[in-house]
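Engineer: Sharing upload.txt here; it has compact mmCIF, C-alpha atoms.
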# COMPACT_ATOMS: atom_id res chain seq x y z
CA MET T 1 -14.02 0.21 -7.18
CA ASN T 2 -12.11 -2.44 -9.11
CA LEU T 3 -8.78 -4.21 -8.70
CA SER T 4 -7.18 -2.14 -11.46
CA TYR T 5 -7.90 1.14 -9.64
CA CYS T 6 -6.77 -0.37 -6.34
CA TYR T 7 -3.52 -1.53 -7.93
CA GLU T 8 -2.94 1.92 -9.43
CA LYS T 9 -3.52 3.77 -6.14
CA LEU T 10 -1.42 1.32 -4.09
CA SER T 11 1.40 1.61 -6.63
CA GLU T 12 1.28 5.40 -6.40
CA ALA T 13 1.36 5.24 -2.59
CA VAL T 14 4.28 2.79 -2.51
CA ASN T 15 6.23 4.74 -5.11
CA GLU T 16 5.72 7.97 -3.16
CA MET T 17 6.87 6.27 0.06
CA CYS T 18 9.97 4.92 -1.67
CA VAL T 19 11.15 8.14 -3.30
CA SER T 20 10.22 10.60 -0.57
CA ASN T 21 12.79 12.30 1.64
CA GLN T 22 10.30 12.64 4.49
CA SER T 23 10.39 10.70 7.73
CA LEU T 24 9.03 7.16 7.70
CA LYS T 25 5.99 8.32 9.67
CA ASP T 26 5.23 11.01 7.09
CA ARG T 27 5.71 8.49 4.27
CA LEU T 28 3.22 6.18 5.92
CA ARG T 29 0.83 9.08 6.46
CA SER T 30 0.95 9.76 2.71
CA CYS T 31 -0.86 6.44 2.11
CA VAL T 32 -3.99 8.07 3.47
CA ARG T 33 -3.80 10.77 0.81
CA HIS T 34 -4.03 8.04 -1.83
CA GLY T 35 -7.30 6.81 -0.33
CA LEU T 36 -5.90 3.52 0.94
CA ILE T 37 -8.24 3.33 3.93
CA PHE T 38 -11.32 3.97 1.81
CA PHE T 39 -11.01 0.92 -0.46
CA PRO T 40 -13.91 -1.51 0.02
CA MET T 41 -12.78 -4.79 1.54
CA GLU T 42 -14.32 -6.67 -1.40
CA THR T 43 -11.86 -4.98 -3.78
CA PHE T 44 -9.06 -7.16 -2.47
CA PRO T 45 -8.48 -10.83 -3.25
CA GLU T 46 -9.66 -12.99 -0.36
CA GLY T 47 -6.12 -13.88 0.73
CA LEU T 48 -5.21 -10.19 1.19
CA ARG T 49 -8.28 -8.97 3.05
CA GLU T 50 -6.95 -9.63 6.53
CA GLN T 51 -3.72 -7.79 5.73
CA PHE T 52 -5.71 -4.86 4.34
CA SER T 53 -7.88 -4.86 7.45
CA GLU T 54 -4.80 -4.56 9.69
CA ILE T 55 -3.46 -1.64 7.65
CA ARG T 56 -6.84 0.07 7.56
CA SER T 57 -7.34 -0.18 11.31
CA ALA T 58 -3.87 1.25 11.95
CA LEU T 59 -4.42 4.19 9.59
CA THR T 60 -8.11 4.93 10.16
CA VAL T 61 -7.58 7.71 12.68
CA VAL T 62 -4.71 9.41 10.86
CA ARG T 63 -5.13 13.16 10.62
CA MET T 64 -4.87 14.76 7.24
CA PRO T 65 -2.33 17.59 6.83
CA CYS T 66 -3.55 21.08 7.84
CA HIS T 67 -6.19 19.71 10.24
CA ILE T 68 -6.01 20.81 13.84
CA GLU T 69 -7.31 18.25 16.31
CA PRO T 70 -6.59 18.00 20.03
CA TYR T 71 -5.74 14.28 19.89
CA PRO T 72 -2.49 12.72 18.64
CA ASP T 73 -2.26 11.11 15.23
CA SER T 74 -2.16 7.31 15.54
CA ILE T 75 1.07 7.20 13.51
CA ASP T 76 2.75 9.56 15.99
CA THR T 77 2.20 7.00 18.74
CA LEU T 78 3.88 4.16 16.83
CA LYS T 79 7.42 3.03 17.55
CA PRO T 80 9.87 3.22 14.61
CA SER T 81 9.83 -0.58 14.29
CA GLU T 82 6.02 -0.53 14.10
CA VAL T 83 6.13 2.14 11.39
CA ARG T 84 8.62 0.08 9.37
CA GLY T 85 6.44 -2.99 9.84
CA LEU T 86 3.33 -1.16 8.66
CA ILE T 87 5.18 0.21 5.63
CA GLY T 88 6.29 -3.34 4.90
CA LYS T 89 2.66 -4.49 5.08
CA VAL T 90 1.57 -1.77 2.63
CA ILE T 91 4.33 -2.80 0.22
CA SER T 92 3.43 -6.47 0.64
CA LEU T 93 -0.24 -5.67 0.04
CA ARG T 94 0.66 -3.79 -3.13
CA ASN T 95 2.74 -6.75 -4.33
CA GLY T 96 -0.11 -9.16 -3.62
CA VAL T 97 -2.58 -6.94 -5.45
CA ALA T 98 -0.12 -6.61 -8.35
CA ALA T 99 0.25 -10.39 -8.60
CA GLU T 100 -3.53 -10.83 -8.72
CA TYR T 101 -3.97 -7.92 -11.13
CA TYR T 102 -1.38 -9.35 -13.54
CA ARG T 103 -2.76 -12.85 -13.13
CA ARG T 104 -6.21 -11.62 -14.14
CA SER T 105 -4.95 -9.29 -16.87
CA PHE T 106 -2.59 -11.69 -18.59
CA HIS T 107 -4.35 -15.00 -18.12
CA ARG T 108 -4.12 -17.10 -21.30
CA ILE T 109 -7.07 -18.92 -22.78
CA ASP T 110 -5.37 -22.29 -22.23
CA GLY T 111 -5.31 -21.67 -18.47
CA LYS T 112 -1.61 -20.88 -18.19
CA SER T 113 -0.63 -17.48 -16.85
CA ILE T 114 2.28 -15.40 -17.99
CA ASN T 115 5.02 -14.91 -15.42
CA GLU T 116 4.85 -11.43 -13.97
CA SER T 117 7.95 -9.31 -13.87
CA ILE T 118 8.83 -7.04 -10.98
CA ASP T 119 10.27 -3.62 -11.60
CA GLU T 120 13.85 -3.91 -10.34
CA ASP T 121 14.05 -0.19 -9.66
CA LEU T 122 11.05 -0.41 -7.33
CA VAL T 123 12.57 -3.41 -5.55
CA GLN T 124 15.80 -1.45 -4.96
CA LYS T 125 13.86 1.54 -3.62
CA ILE T 126 11.88 -0.70 -1.28
CA THR T 127 15.09 -2.31 -0.04
CA GLN T 128 16.61 1.11 0.64
CA LEU T 129 13.45 2.29 2.39
CA MET T 130 13.35 -0.73 4.66
CA GLY T 131 17.08 -0.41 5.42
CA THR T 132 17.88 -4.00 4.47
Can I see the file as C-alpha cells?
Structural biologist:
Amino acid sequence: MNLSYCYEKLSEAVNEMCVSNQSLKDRLRSCVRHGLIFFPMETFPEGLREQFSEIRSALTVVRMPCHIEPYPDSIDTLKPSEVRGLIGKVISLRNGVAAEYYRRSFHRIDGKSINESIDEDLVQKITQLMGT
C-alpha cells in the first residue's frame, strides 16, 4: 500500500464524515468502512505513525454494520468529547498525509517544494463538523 492510496482513502473518509447527517459516532464508525485500521504502519510518514496508532487502537474493535455481537462497539462507549477528539485526530492525520503526499508529488528538481493549497470547502466542512 502506498501513500497515494492512503491519502485517497483518508480523504474519502474525512469527506464522508464532513458531509454526513449521521451522528458523530456513526461518522467515526464510517472510517472503518474505508479501511483506515488496515493500513500498514509503514505507509505513514514517521511523524504520523504514533497518531495513526492511537486512531487504530481506538477503532480496532469497531463492529461493522449488520453484524450481531454480544459486546458493545468501542465507539458506543466513548464520551461525545472523546468522539470529537478522535474525529479531529483522523482529520489531522489526513492533513498530515496530504502535506507529505503533495510534498512528494510536487517536489521540484532544485529542492524547493511548491506550496500546497487546502480546499477551502473542506476546511469549512471540518469547522462545521467540529462545532468551532
Engineer: I'd like the neighbourhood of Pro80 of chain T as a list in words, where a residue qualifies if any of its atoms comes within 12 Å (using only C-alpha atoms), though same-chain residues fewer than 5 positions away should be ignored.
Structural biologist: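 Returned residues: Ser23, Leu24, Lys25, Asp26, Leu28, Ile75, Gly85, Leu86, Ile87 and Met130 of chain T.
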Engineer: What is the distance between atom CA of Asn95 of chain T and atom CA of Ile126 of chain T, in Å to one decimal?
Structural biologist: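 Separating atom CA of Asn95 of chain T from atom CA of Ile126 of chain T is a distance of 11.4 Å.
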Engineer: For each of T:Glu42, T:Asn2, T:Asn15, T:Tyr7, take the minimum atom-to-atom distance to Tyr102 of chain T, counting only C-alpha atoms, then give the residue where this is smallest.
Structural biologist: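 Once distances to Tyr102 of chain T are computed over only C-alpha atoms, the minimum belongs to T:Tyr7.
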Engineer: Rank T:Lys89, T:Lys9, T:Lys79, T:Arg104 by their smallest atom-to-atom distance to Ser53 of chain T, using all atoms listed in the file, and report the top residue only.
Structural biologist: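 Checking each of T:Lys89, T:Lys9, T:Lys79, T:Arg104 against Ser53 of chain T, counting all atoms listed in the file, the winner is T:Lys89.
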Engineer: For a quick check of understanding, using all atoms listed in the file, which of T:Ser20, T:Ser4, T:Gln51, T:Ser30 has the smallest distance to Ser92 of chain T?
Structural biologist: T:Gln51
Engineer: Can you pull out every residue within 12 Å of Glu46 of chain T, counting only C-alpha atoms, but drop anything in the same chain fewer than 4 positions away, and send it as a ChimeraX atom specification?
Structural biologist: /T:41-42,50-53,93,96-97,100
Engineer: Could you work out how far atom CA of Glu8 of chain T lies from atom CA of Arg94 of chain T, giving the answer in Å with one decimal?
Structural biologist: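 Between these atoms lies a distance of 9.2 Å.
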Engineer: So which one's closest to Gln128 of chain T, T:Val83, T:Met17, T:Ile55, T:Leu78? Using only C-alpha atoms, please.
Structural biologist: T:Met17
